[in-house]
Amino acid sequence: AAPAQAQSVKIGIVGPFSGPFAHYGALFKAAAEAYVAGQGGKLGGREVELIYRDTGGPNPAQTKSLVQELIVKDKVDYLGGFVFTPNALAVAPLIQQSQTPTVIFNAATSSITEKSDYFVRTGYTLWQVTVPLARWAAKQNIARVVTAVTDYGPGLDAEAAFKSEFARQGGTVVESIRMPIATTDFGPFVQRIKASGAQAVYTFLPGGPPNLGFIKAYNENGLAKSGVRFLGTAETDEFDLQKFGDSAVGLTTAFHYSGAHDSAANKAFVAALKKQDPGAAANYASVGAWDGMHVIQKMIEATGGRKDGPKAIATARTLQWESPRGPVRIDGKTRHITQDVYLRQVEKVGGVLVNKEVESFGPQVDHGLAQ
Amino acid sequence: MSLLLDIRDLDKRFGGLHVTRGVSFQLHAGDRLALIGPNGAGKTTLVNQVSGVLRPDAGEIWLRGENVTRLGQAQRVRLGLARTFQITTLAPQLPVQRQIEMALFEREGLGGRAWRSVDAYPALNAEAQALLQRFGLRAHAATPTEDLAYGEQRLVEMALALALRPKVLLLDEPMAGVPRGDGARLLAALDSLPRDLAVLIIEHDMDLVFRFASRIVVLAEGAVLADGSPDDIRRDPKVRAAYLGTPA
Amino acid sequence: MTVLFNIAVDGLAYGMVLFVIAVGLSLTLGLMRFVNLSHCAFAMVGGYCAAFLVRQAQWNFWLAVPAAVIATAALGAVLELLVLRHLYRRKELDQVLFTIGLSFFLIAATNALAGPQVQLIPLPPGLAGSVDLGFRTLPAQRLLVIGAGLAVAGAAAWTVARTRFGIWLRAAVDHSGTASSLGIPIRVVQCASFAAGAALAGFGGILGAELMPLEPYYALKYLVLVLVVVAVGGMGSIAGSLAAAVVLGVIETASKYLASDWGSLFFFLAMAALLAWRPDGLLKR
Amino acid sequence: MTEAMLKLESLKAGYGPTTVLDGLSLAVAPGERVAMVGRNGVGKTTTLRAIMGLVPLAGGRIEFLGEDISRLSPHQRARRGLGYVPQTRDIFPSLTVEENLLAGLKHRPRSAVDEAYALFPRLAERRRNGGTQLSGGEQQMLSVARALLGRPRLILLDEPLEGLAPLIRQELLNAFQAMSRETGIAVVIVEQQVDEALRYARRALVLDHGTVVHESDAQVLLRDTETLDRWVGMAVH
Amino acid sequence: MNTSTTLQGPAEAPSEARHAAAPRCRPAWRAPLIVLALGALACALLPEQLGLMTRIFVAALFVLSLDLVVGVAGLATLGHAAVFGTGAYAAGIFALKVMPDPLAGLAIGIGAGGLLALASGAFLLRYRGFTFLMLTVAVAQIVLSLPQKARDWTGGDDGLSGFTVGPLLGRFAFDLEGRVAAFYALAVLVLLYYVARRLVDSPFGLAVRGIHENRARMAALGTPVYRRLLAMYTAAGAIAGAAGALSAQTNAIVGLDSLSFALSAEALVMLILGGAGRLGGALVGAVVFTLLHHTAASINPYHWLFVVGFMLMAVVLVSPAKAWGWLRRRAGAAS
Ligand SMILES: Nc1ncnc2c1ncn2[C@@H]1O[C@H](COP(=O)(O)OP(=O)(O)OP(=O)(O)O)[C@@H](O)[C@H]1O
Ligand SMILES: Nc1ncnc2c1ncn2[C@@H]1O[C@H](COP(=O)(O)OP(=O)(O)OP(=O)(O)O)[C@@H](O)[C@H]1O
Ligand SMILES: [Mg+2]
Ligand SMILES: [Mg+2]
């Protein structure tokens, strides 16, 4: 290989590029390339080569062999990506052994960063955004809440987070509904929510069709009309938001990033992203990748482009910067991103639906690890 | 001669259709019995009950002194019962010799052996080839069964039943569709069967029936219409009216 | 008590959606004996066409639906003429392989053309709201599905069982050569039947879109569900499919009301029990 | 011989690489009863299938009622008046007995199935049964009746007597005799029951290796044991 | 008609003219030996791709077991992942809770797969055809819902991880490059391929193939049809369990995907692709599909479905066997 080639830094991006979750991969790619392009094509003065690997859905075995190949054959210096928790967990032993710094853009189970010293996370965890929401709900004189979450890892995480914090605040969770992951007809669950007599429903759903189905059922079965408040997190994600139509107006969520966040950094991010890929949505996945690339850039700068995992991670632990989502820093202990979480409401601005940030809860750590 | 098959008051209905009505008859060693009767009289259904494909609604079937009415097909085969099918029923893609060997392995109780190759049983391999030789199929030993001409498949059908070395053999229209030239070959094969074997044959070709059978049972509307020697049957006016038609 | 009513209402509505999506496959699989695993891909095509016509081309909903159904039928007919007819006599596994490949291809094509997002079919004002049932409300669209499902069931069952065409179709499938020697135009019959199956799929895709949202992976996502309905109902039995869809729909709904923690366990347990009890279909005598 | 109804001119056909029919020619006059005999595998069935359009022709031509039908599909030939009873019977298993008959009606009204029940009363008793639940012989009756319902002007019968009881065999042949007298239907019958077929037919053809090797009056052939032994191999009498 | 057709299919050279008419099996060790040679060669040539190799070996073993069910016994199933996943979870839990020795874990996986197949087969094999197919789907879904519920034991959808696998034979530790894993998987594949080969060529295998082609006839020959099928189903389950255990041990994680419908369907696609019923086809299908997936997905992750879809359709329309024959004839004509 040519010397210039030998000096380039290799970054493996692992995510779903095919299958039902392929849009995550597309967003990772768009944001990462937008970031690199914004730095003049170089990070820390080095050429970078992005190598994409497709995991499909949650498929730890395949992910592991892909990452093994990235490390052994492609000799990547950094890894990024990861949408699903089991895929991230699968590579923990590999990156620990090979000392490869790995930035998690999305996978949101708290415990992941504990599994290897080389994990850094620029996404969010459900505890991080749910705990402030539970506190806020209690303050609104909402005493009785029903939780309705999709029955899989993140959903259970969300349910646990809400229940424990809401109880601590003196509220009651009157019923905890778990909705099977393959649910298409949400009518029955909405009827149960209605029958539970709660004042609000806290919900967590995986993106895409279930979001749509739930919110449609929420409106069609008259929940909104009968005054049962909607409390969510990623449900009004910018990727699906426009599909909801006017029925989404007024939905309340707590989240760390809104595409409508009002700051110069965010405007720059949105512009760069749209320039890279006009179809890409500015949402938690793309912002996770964008900030993830920022962390990688800082690690490259600190190590001078040489492969030195421990040094790179030591640098990452101290990072602090202005992200499109607001001010953030990497928690030195947990290697998880500490960020502001906002209360948002869906509003229609100029014919499009946006998540309007109405209140900031201030910087939040990963409450899940604090447990 | 010893009693091999004893059918007692067999009854069978398909929904509202009464196909077998109190049929009884016996088969002794050495018998050459022809079962004849109009189409739809219930001949095949009777064979199906005897061989265990169908369960009778009432009545009993005794095979070599054992009541087999409730037993499965496999147990009846082990007691020495073998049959052929009116409509060719073979494994189409297996080579002809393998087809025969399957029967031999089952007969010897080796069908569950799961380690040594089928080629490692030379005695049985040779026996299969000898059997094929007897039916003039030796050259086709490696031919997939479905590639054989129809008449040859009928021969394989017969060879399979014989491979089991049965005590009681049930043949359901073995000559159907076989030209008389080939039929002669089949007949020769039948004639060379061990004398103590009991054979029940269903056949509509009366020339053949009268040449082969030592006894004839006539079935009509599910019931036994007549049972006797070929000469008796030939002269029986009831049989003529129901089955034979013009004087044979 | 209310729970029971709720289960009945929601179960029926859900079951009818299952039925309209599955009935076309019951026909192709049961009557044509063609293992068409791309059935849901045809449903997706129908749905996407309708979504495109209503949203992009601004057609009237009531006009767009028949147009989309016809378009799906046409696609089915063309595919049948070009390729699928050569597969009727092939082994089932070949049919499986080909139609899975076709589904993959259509998924990729849909993804490339329309992107990965969910496609919505905007409903006309009359259908968008809810209907008050006294003790609760029900989306009006669900009533349309119930009505349309019953109509489809009636029409299809009548065509298959009572008309000359139904007899021709079944004859052509059993022994095509002999059927044609009796004067039956088998190619026309086969092509028309396949197109009809595709049309029903498209219709189901449109009507079911409220519950089973249209996205590229639609083609594989609901395949198992549809196969379950067809199997429990008995291949080729329209009344059976209807019964199976409603029974399974009610069971699934009941499990959502009463035991949702167990996910689809009860659905599959019920399916196994029903199949074990009636291996050839619910309504088989 | 009067003007031919069906004329085959040096037909060539086969399956894949194997040629079965090798320049076969024959003609059938209106209302004629022709028996076609020959050893196993000489191409009798293939001839009938070729006439019906069920095997592709590699050469030659088929004329029916003065029209070249070589390129027509089987159902078009059927609509021009050809009928066929296949050797394998081919009862449609997913249809009931009555529906099997309806399948043969072409465009005639449903009530026409009564003709079939008049011919074979046994079928009337089984009309609601599944087609393949019938006994072997009943299936044969059904197959014949089904083909007759289409009112063919010429019917091709491939071993129609197989599996039928002697009484029924006679009745069937008598029925054909009556039919050809009344409606002028022409019959080509292939049979292994050579004597019965020859007694019934007017003219006889002997096939071997895909060509007609002998042609004569049927009654003459019936007594011509030498020819029969040579080409048909029936040392029965 | 003097070409000799063997049990495996295409004929050997008709060297022994005397026996030309008799069908003969090939020696059972030959094909596995070729697999061993090719596998070792591939590992030696592509030392950086050992992870991929391991994945291929495991997939091949799994599809091989599927072939015993689908191709040999003629039982189309879409629930074979149930036994694979059970083997994987059993081996994983064993490593976590009992001991890390890989061979003991492999034995546990084999036992678990075989047991599940025996239990579920006892129910499933009472049914046939489409009903059987759909019942396998139901059983697999029911099996899938158990580890989903038993999060404490299995980690639920986060997957079962955190177990370590000890060194093979107490000497060879599993390394980062995956050398030990690859050779371990290859060895197990070759061994079980040999076992499967013997099984199929034995009288028992012959009976099962007879049942596949004509159940009524086998019953009339006195074969206890149900028992034979159950035995074959159990054997296949044990082999699938071994594949599952291998997957668990070489990846050090077990996810719910190892029980999923998608895995069952994908294995079936691989099998049909390579040709069902000949064992060798199963291996070819697994290799081709996995390689294609890997390369197509790394060239353009977005559109690999186009490639696969196209290939599946093409394989049906232009069957590989026919294409081979055509190529050979062309080559023969040229030389
Ligand atoms: N599975 C079934 N269901 C309903 N009726 C049946 C079934 N099997 C046979 N039958 C009926 O039972 C009667 C007897 O049939 P069977 O096959 O025993 O006749 P057969 O004497 O063998 O006639 P053939 O000489 O024509 O073969 C027939 O009328 C047939 O229609
Ligand atoms: N589908 C087929 N594929 C390949 N060869 C065939 C096929 N059908 C028939 N043959 C072959 O064609 C030749 C003629 O067959 P055909 O059926 O016409 O004979 P036939 O005179 O009707 O004999 P039979 O008296 O047995 O009915 C035979 O050698 C047969 O093996
Ligand atoms: Mg019979
Ligand atoms: Mg013939």
# chains A, B, ... in the order shown; residues from 1 in each chain; ligands from 1
>>> residues_around(residues="region 130-146 of chain E", least_positions_apart="5", cutoff="7 Å", atoms="only C-alpha atoms", output="mmCIF file with N, CA, C and O atoms, in the first residue's frame")
data_model
loop_
_atom_site.group_PDB
_atom_site.id
_atom_site.type_symbol
_atom_site.label_atom_id
_atom_site.label_comp_id
_atom_site.auth_asym_id
_atom_site.auth_seq_id
_atom_site.Cartn_x
_atom_site.Cartn_y
_atom_site.Cartn_z
ATOM 1 N N VAL C 228 -50.310 -18.577 8.638
ATOM 2 C CA VAL C 228 -51.008 -19.220 9.749
ATOM 3 C C VAL C 228 -52.508 -19.232 9.480
ATOM 4 O O VAL C 228 -53.180 -20.253 9.632
ATOM 5 N N ALA C 231 -53.307 -21.765 6.826
ATOM 6 C CA ALA C 231 -53.146 -23.151 7.274
ATOM 7 C C ALA C 231 -54.278 -23.555 8.203
ATOM 8 O O ALA C 231 -54.871 -24.622 8.041
ATOM 9 N N LEU C 265 -47.440 -15.863 22.499
ATOM 10 C CA LEU C 265 -47.431 -17.265 22.890
ATOM 11 C C LEU C 265 -48.796 -17.908 22.689
ATOM 12 O O LEU C 265 -48.921 -18.975 22.104
ATOM 13 N N PHE C 268 -49.761 -18.568 19.070
ATOM 14 C CA PHE C 268 -49.150 -19.739 18.450
ATOM 15 C C PHE C 268 -49.606 -21.036 19.111
ATOM 16 O O PHE C 268 -49.732 -22.064 18.455
ATOM 17 N N MET C 271 -52.838 -21.665 17.544
ATOM 18 C CA MET C 271 -52.644 -22.152 16.183
ATOM 19 C C MET C 271 -52.254 -23.630 16.194
ATOM 20 O O MET C 271 -52.802 -24.435 15.440
ATOM 21 N N ALA C 272 -51.320 -23.987 17.075
ATOM 22 C CA ALA C 272 -50.880 -25.378 17.123
ATOM 23 C C ALA C 272 -52.047 -26.278 17.515
ATOM 24 O O ALA C 272 -52.260 -27.338 16.922
ATOM 25 N N LEU C 275 -54.532 -26.555 14.611
ATOM 26 C CA LEU C 275 -54.001 -27.379 13.524
ATOM 27 C C LEU C 275 -53.952 -28.844 13.915
ATOM 28 O O LEU C 275 -54.215 -29.736 13.108
ATOM 29 N N PRO C 279 -56.224 -30.882 11.146
ATOM 30 C CA PRO C 279 -55.041 -30.671 10.296
ATOM 31 C C PRO C 279 -55.390 -30.163 8.898
ATOM 32 O O PRO C 279 -54.591 -29.490 8.271
ATOM 33 N N ALA E 76 -40.745 -30.714 5.120
ATOM 34 C CA ALA E 76 -40.409 -29.295 4.992
ATOM 35 C C ALA E 76 -40.671 -28.598 6.315
ATOM 36 O O ALA E 76 -41.767 -28.669 6.847
ATOM 37 N N THR E 77 -39.647 -27.964 6.855
ATOM 38 C CA THR E 77 -39.803 -27.291 8.138
ATOM 39 C C THR E 77 -39.344 -25.847 8.059
ATOM 40 O O THR E 77 -38.396 -25.528 7.347
ATOM 41 N N LEU E 78 -40.039 -24.993 8.780
ATOM 42 C CA LEU E 78 -39.618 -23.593 8.908
ATOM 43 C C LEU E 78 -39.386 -23.287 10.380
ATOM 44 O O LEU E 78 -39.542 -22.156 10.811
ATOM 45 N N GLY E 79 -39.029 -24.304 11.131
ATOM 46 C CA GLY E 79 -38.830 -24.075 12.557
ATOM 47 C C GLY E 79 -37.544 -24.686 13.054
ATOM 48 O O GLY E 79 -37.380 -24.942 14.239
ATOM 49 N N ALA E 82 -35.324 -23.596 16.070
ATOM 50 C CA ALA E 82 -35.644 -23.937 17.453
ATOM 51 C C ALA E 82 -34.586 -24.859 18.046
ATOM 52 O O ALA E 82 -34.123 -24.638 19.164
ATOM 53 N N LEU E 124 -45.041 -33.287 16.324
ATOM 54 C CA LEU E 124 -45.105 -32.782 14.953
ATOM 55 C C LEU E 124 -45.285 -33.877 13.921
ATOM 56 O O LEU E 124 -46.004 -33.714 12.933
ATOM 57 N N LEU E 259 -32.974 -18.278 17.536
ATOM 58 C CA LEU E 259 -34.197 -19.085 17.558
ATOM 59 C C LEU E 259 -35.215 -18.561 16.562
ATOM 60 O O LEU E 259 -36.350 -19.012 16.527
#
>>> residues_near_ligand(ligand="ligand 3", cutoff="9 Å", atoms="only C-alpha atoms and all ligand atoms", output="compact mmCIF listing (two decimals) with N, CA, C and O atoms, in the first residue's frame")
# COMPACT_ATOMS: atom_id res chain seq x y z
N ASN B 39 -67.43 -53.30 -10.35
CA ASN B 39 -66.67 -52.12 -9.90
C ASN B 39 -67.37 -51.48 -8.72
O ASN B 39 -68.58 -51.32 -8.71
N GLY B 40 -66.58 -51.14 -7.73
CA GLY B 40 -67.15 -50.50 -6.56
C GLY B 40 -67.80 -51.48 -5.61
O GLY B 40 -68.50 -51.10 -4.69
N ALA B 41 -67.55 -52.77 -5.79
CA ALA B 41 -68.15 -53.76 -4.90
C ALA B 41 -67.50 -53.72 -3.52
O ALA B 41 -68.06 -54.20 -2.55
N GLY B 42 -66.31 -53.18 -3.45
CA GLY B 42 -65.65 -53.10 -2.15
C GLY B 42 -64.44 -54.01 -2.04
O GLY B 42 -63.97 -54.28 -0.95
N LYS B 43 -63.90 -54.42 -3.16
CA LYS B 43 -62.77 -55.35 -3.13
C LYS B 43 -61.52 -54.67 -2.57
O LYS B 43 -60.87 -55.17 -1.64
N THR B 44 -61.17 -53.53 -3.17
CA THR B 44 -59.98 -52.83 -2.69
C THR B 44 -60.14 -52.41 -1.24
O THR B 44 -59.20 -52.51 -0.44
N THR B 45 -61.33 -51.97 -0.90
CA THR B 45 -61.57 -51.58 0.49
C THR B 45 -61.34 -52.75 1.43
O THR B 45 -60.77 -52.60 2.52
N VAL B 47 -59.29 -55.32 0.92
CA VAL B 47 -57.85 -55.53 1.01
C VAL B 47 -57.22 -54.48 1.92
O VAL B 47 -56.32 -54.78 2.71
N PHE B 85 -50.55 -52.85 -4.80
CA PHE B 85 -51.57 -51.82 -4.90
C PHE B 85 -52.16 -51.78 -6.31
O PHE B 85 -51.46 -51.97 -7.30
N GLN B 86 -53.46 -51.50 -6.37
CA GLN B 86 -54.13 -51.41 -7.65
C GLN B 86 -53.53 -50.27 -8.47
O GLN B 86 -53.33 -50.38 -9.67
N ILE B 87 -53.23 -49.18 -7.78
CA ILE B 87 -52.59 -48.07 -8.46
C ILE B 87 -51.14 -48.05 -8.01
O ILE B 87 -50.86 -48.00 -6.80
N ASP B 172 -53.82 -56.74 -5.78
CA ASP B 172 -54.97 -55.95 -6.24
C ASP B 172 -54.77 -55.59 -7.71
O ASP B 172 -54.01 -54.69 -8.04
N GLU B 173 -55.44 -56.31 -8.58
CA GLU B 173 -55.36 -56.11 -10.02
C GLU B 173 -53.93 -55.97 -10.52
O GLU B 173 -53.55 -54.95 -11.08
N ILE B 202 -57.21 -59.96 -6.88
CA ILE B 202 -58.37 -59.27 -7.43
C ILE B 202 -58.07 -59.07 -8.90
O ILE B 202 -56.98 -58.61 -9.26
N GLU B 203 -59.01 -59.43 -9.76
CA GLU B 203 -58.72 -59.33 -11.19
C GLU B 203 -60.02 -59.29 -11.96
O GLU B 203 -61.00 -59.95 -11.60
N SER D 135 -64.06 -46.14 -6.78
CA SER D 135 -63.24 -47.32 -7.02
C SER D 135 -62.60 -47.19 -8.40
O SER D 135 -62.98 -46.33 -9.20
N GLY D 136 -61.62 -48.03 -8.64
CA GLY D 136 -60.88 -47.95 -9.90
C GLY D 136 -61.81 -47.96 -11.10
O GLY D 136 -61.71 -47.13 -12.00
N GLY D 137 -62.73 -48.89 -11.11
CA GLY D 137 -63.61 -49.02 -12.25
C GLY D 137 -64.56 -47.82 -12.39
O GLY D 137 -64.83 -47.35 -13.49
N GLY D 163 -59.69 -52.36 -15.96
CA GLY D 163 -60.24 -52.30 -14.61
C GLY D 163 -61.75 -52.36 -14.55
O GLY D 163 -62.33 -52.25 -13.48
>>> interface_residues(of="chain A", to="chain E", cutoff="7 Å", atoms="only C-alpha atoms", output="list in words")
Phe17, Ser18, Arg53, Asp54, Pro58, Asn59, Pro60, Ala61, Lys64, Ser65, Gln68, Glu69, Val72, Lys73, Thr85, Pro86, Ala90, Leu94, Tyr152 and Gly153 of chain A
>>> write_last_selection(atoms="C-alpha atoms", output="CSV table (one decimal), in the first residue's frame")
chain,number,residue,atom,x,y,z
A,17,PHE,CA,-27.7,-1.1,6.4
A,18,SER,CA,-30.2,-3.6,5.2
A,53,ARG,CA,-20.4,-3.2,8.0
A,54,ASP,CA,-24.0,-4.4,7.9
A,58,PRO,CA,-30.1,-7.8,16.2
A,59,ASN,CA,-27.7,-10.5,15.3
A,60,PRO,CA,-24.8,-10.7,17.8
A,61,ALA,CA,-23.1,-13.7,16.2
A,64,LYS,CA,-19.1,-10.4,16.3
A,65,SER,CA,-17.5,-12.0,13.2
A,68,GLN,CA,-13.5,-9.5,14.3
A,69,GLU,CA,-12.8,-9.1,10.6
A,72,VAL,CA,-8.0,-8.5,12.3
A,73,LYS,CA,-8.1,-8.0,8.6
A,85,THR,CA,-27.7,-3.8,22.6
A,86,PRO,CA,-26.9,-7.4,22.0
A,90,ALA,CA,-21.2,-9.2,21.5
A,94,LEU,CA,-13.1,-8.3,21.2
A,152,TYR,CA,-38.3,-6.1,24.9
A,153,GLY,CA,-35.1,-4.9,26.5
>>> closest_residue(among="D:Arg79, D:Arg89, D:Arg202, D:Lys12", to="ligand 4", atoms="only C-alpha atoms and all ligand atoms")
D:Arg89
>>> closest_atom_pairs(of="chain D", to="ligand 2", cutoff="10 Å", atoms="only C-alpha atoms and all ligand atoms", output="Markdown table")
| residue | atom | partner | partner_atom_place_in_ligand_line | distance |
| --- | --- | --- | --- | --- |
| D:Ala13 | CA | ligand 2 | 12 (O) | 9.7 |
| D:Gly14 | CA | ligand 2 | 12 (O) | 6.9 |
| D:Tyr15 | CA | ligand 2 | 4 (C) | 4.9 |
| D:Gly16 | CA | ligand 2 | 4 (C) | 7.0 |
| D:Pro17 | CA | ligand 2 | 4 (C) | 8.9 |
| D:Thr18 | CA | ligand 2 | 5 (N) | 7.0 |
| D:Thr19 | CA | ligand 2 | 12 (O) | 7.8 |
| D:Val20 | CA | ligand 2 | 13 (C) | 5.5 |
| D:Leu21 | CA | ligand 2 | 14 (C) | 8.1 |
| D:Met36 | CA | ligand 2 | 21 (O) | 9.4 |
| D:Val37 | CA | ligand 2 | 21 (O) | 8.1 |
| D:Gly38 | CA | ligand 2 | 21 (O) | 6.5 |
| D:Arg39 | CA | ligand 2 | 25 (O) | 6.0 |
| D:Asn40 | CA | ligand 2 | 25 (O) | 3.8 |
| D:Gly41 | CA | ligand 2 | 19 (O) | 3.3 |
| D:Val42 | CA | ligand 2 | 21 (O) | 4.1 |
| D:Gly43 | CA | ligand 2 | 18 (O) | 3.1 |
| D:Lys44 | CA | ligand 2 | 21 (O) | 3.7 |
| D:Thr45 | CA | ligand 2 | 22 (O) | 3.5 |
| D:Thr46 | CA | ligand 2 | 18 (O) | 3.6 |
| D:Thr47 | CA | ligand 2 | 18 (O) | 6.5 |
| D:Leu48 | CA | ligand 2 | 18 (O) | 8.1 |
| D:Arg49 | CA | ligand 2 | 18 (O) | 8.2 |
| D:Ala50 | CA | ligand 2 | 18 (O) | 9.6 |
| D:Val55 | CA | ligand 2 | 1 (N) | 9.1 |
| D:Gln87 | CA | ligand 2 | 27 (O) | 7.1 |
| D:Thr88 | CA | ligand 2 | 27 (O) | 9.3 |
| D:Asp158 | CA | ligand 2 | 22 (O) | 7.9 |
| D:Glu159 | CA | ligand 2 | 27 (O) | 7.8 |
| D:Val190 | CA | ligand 2 | 22 (O) | 8.1 |
| D:Glu191 | CA | ligand 2 | 25 (O) | 7.9 |
| D:Gln192 | CA | ligand 2 | 25 (O) | 6.9 |
| D:Leu207 | CA | ligand 2 | 21 (O) | 8.0 |
| D:Asp208 | CA | ligand 2 | 21 (O) | 8.3 |
| D:His209 | CA | ligand 2 | 14 (C) | 8.3 |
| D:Gly210 | CA | ligand 2 | 14 (C) | 7.9 |
>>> atom_distance(atom1="CA of Leu27 (chain C)", atom2="CA of Lys106 (chain D)")
23.4 Å
>>> interface_residues(of="chain B", to="chain D", cutoff="12 Å", atoms="only C-alpha atoms", output="number ranges by chain")
B: 14-17, 19, 36-46, 85-88, 148-152, 172-184, 202-208, 211, 218-221, 239-248
>>> residues_around(residues="Thr96 (chain D)", least_positions_apart="6", cutoff="10 Å", atoms="only C-alpha atoms", output="short mmCIF file (atom, residue, chain, number, x, y, z; two decimals) with all heavy atoms, in the first residue's frame")
data_model
loop_
_atom_site.label_atom_id
_atom_site.label_comp_id
_atom_site.auth_asym_id
_atom_site.auth_seq_id
_atom_site.Cartn_x
_atom_site.Cartn_y
_atom_site.Cartn_z
N ILE C 167 -64.81 -24.46 -11.27
CA ILE C 167 -64.57 -25.86 -11.63
C ILE C 167 -63.40 -25.96 -12.61
O ILE C 167 -62.52 -26.80 -12.46
CB ILE C 167 -65.85 -26.46 -12.25
CG1 ILE C 167 -66.91 -26.58 -11.16
CG2 ILE C 167 -65.56 -27.80 -12.89
CD1 ILE C 167 -68.26 -26.99 -11.67
N LEU D 102 -69.17 -31.78 -14.88
CA LEU D 102 -69.39 -30.40 -15.34
C LEU D 102 -68.17 -29.87 -16.08
O LEU D 102 -68.28 -29.10 -17.04
CB LEU D 102 -69.70 -29.49 -14.14
CG LEU D 102 -71.06 -29.70 -13.48
CD1 LEU D 102 -71.17 -28.86 -12.22
CD2 LEU D 102 -72.17 -29.33 -14.45
N ARG D 126 -73.08 -41.71 -6.67
CA ARG D 126 -71.87 -41.16 -6.04
C ARG D 126 -71.65 -39.69 -6.35
O ARG D 126 -70.55 -39.19 -6.16
CB ARG D 126 -70.63 -41.93 -6.54
CG ARG D 126 -70.64 -43.39 -6.32
CD ARG D 126 -70.08 -43.75 -4.96
NE ARG D 126 -70.10 -45.18 -4.76
CZ ARG D 126 -71.20 -45.84 -4.38
NH1 ARG D 126 -72.32 -45.19 -4.14
NH2 ARG D 126 -71.15 -47.14 -4.22
N ARG D 127 -72.69 -39.02 -6.86
CA ARG D 127 -72.43 -37.71 -7.46
C ARG D 127 -71.79 -36.70 -6.50
O ARG D 127 -71.07 -35.82 -6.91
CB ARG D 127 -73.69 -37.13 -8.08
CG ARG D 127 -74.82 -36.92 -7.08
CD ARG D 127 -75.90 -36.08 -7.68
NE ARG D 127 -76.66 -36.80 -8.70
CZ ARG D 127 -77.56 -36.22 -9.49
NH1 ARG D 127 -77.79 -34.93 -9.39
NH2 ARG D 127 -78.22 -36.91 -10.38
N ARG D 128 -72.05 -36.85 -5.21
CA ARG D 128 -71.46 -35.88 -4.26
C ARG D 128 -70.10 -36.34 -3.73
O ARG D 128 -69.45 -35.63 -2.99
CB ARG D 128 -72.39 -35.65 -3.08
CG ARG D 128 -73.77 -35.19 -3.46
CD ARG D 128 -74.00 -33.71 -3.13
NE ARG D 128 -75.18 -33.24 -3.83
CZ ARG D 128 -75.15 -32.69 -5.04
NH1 ARG D 128 -74.00 -32.47 -5.66
NH2 ARG D 128 -76.26 -32.32 -5.65
N ASN D 129 -69.71 -37.55 -4.06
CA ASN D 129 -68.41 -38.03 -3.57
C ASN D 129 -67.25 -37.32 -4.25
O ASN D 129 -67.38 -36.83 -5.38
CB ASN D 129 -68.26 -39.52 -3.87
CG ASN D 129 -68.96 -40.39 -2.86
OD1 ASN D 129 -70.17 -40.31 -2.73
ND2 ASN D 129 -68.21 -41.15 -2.11
N GLY D 130 -66.10 -37.30 -3.59
CA GLY D 130 -64.90 -36.79 -4.24
C GLY D 130 -64.54 -37.71 -5.40
O GLY D 130 -64.75 -38.92 -5.32
N GLY D 131 -64.01 -37.15 -6.45
CA GLY D 131 -63.74 -37.93 -7.64
C GLY D 131 -62.82 -39.10 -7.39
O GLY D 131 -63.01 -40.19 -7.93
N THR D 132 -61.81 -38.91 -6.53
CA THR D 132 -60.85 -40.00 -6.34
C THR D 132 -61.26 -40.95 -5.24
O THR D 132 -60.53 -41.89 -4.94
CB THR D 132 -59.46 -39.43 -6.04
OG1 THR D 132 -59.61 -38.38 -5.11
CG2 THR D 132 -58.80 -38.94 -7.30
N GLN D 133 -62.42 -40.72 -4.63
CA GLN D 133 -62.90 -41.71 -3.67
C GLN D 133 -63.54 -42.88 -4.40
O GLN D 133 -63.84 -43.90 -3.80
CB GLN D 133 -63.93 -41.08 -2.73
CG GLN D 133 -63.31 -40.16 -1.71
CD GLN D 133 -64.36 -39.46 -0.88
OE1 GLN D 133 -65.54 -39.48 -1.20
NE2 GLN D 133 -63.93 -38.81 0.18
N LEU D 134 -63.76 -42.72 -5.68
CA LEU D 134 -64.39 -43.79 -6.44
C LEU D 134 -63.46 -44.99 -6.55
O LEU D 134 -62.24 -44.86 -6.47
CB LEU D 134 -64.72 -43.28 -7.85
CG LEU D 134 -65.75 -42.18 -7.95
CD1 LEU D 134 -66.03 -41.89 -9.40
CD2 LEU D 134 -67.04 -42.58 -7.24
#
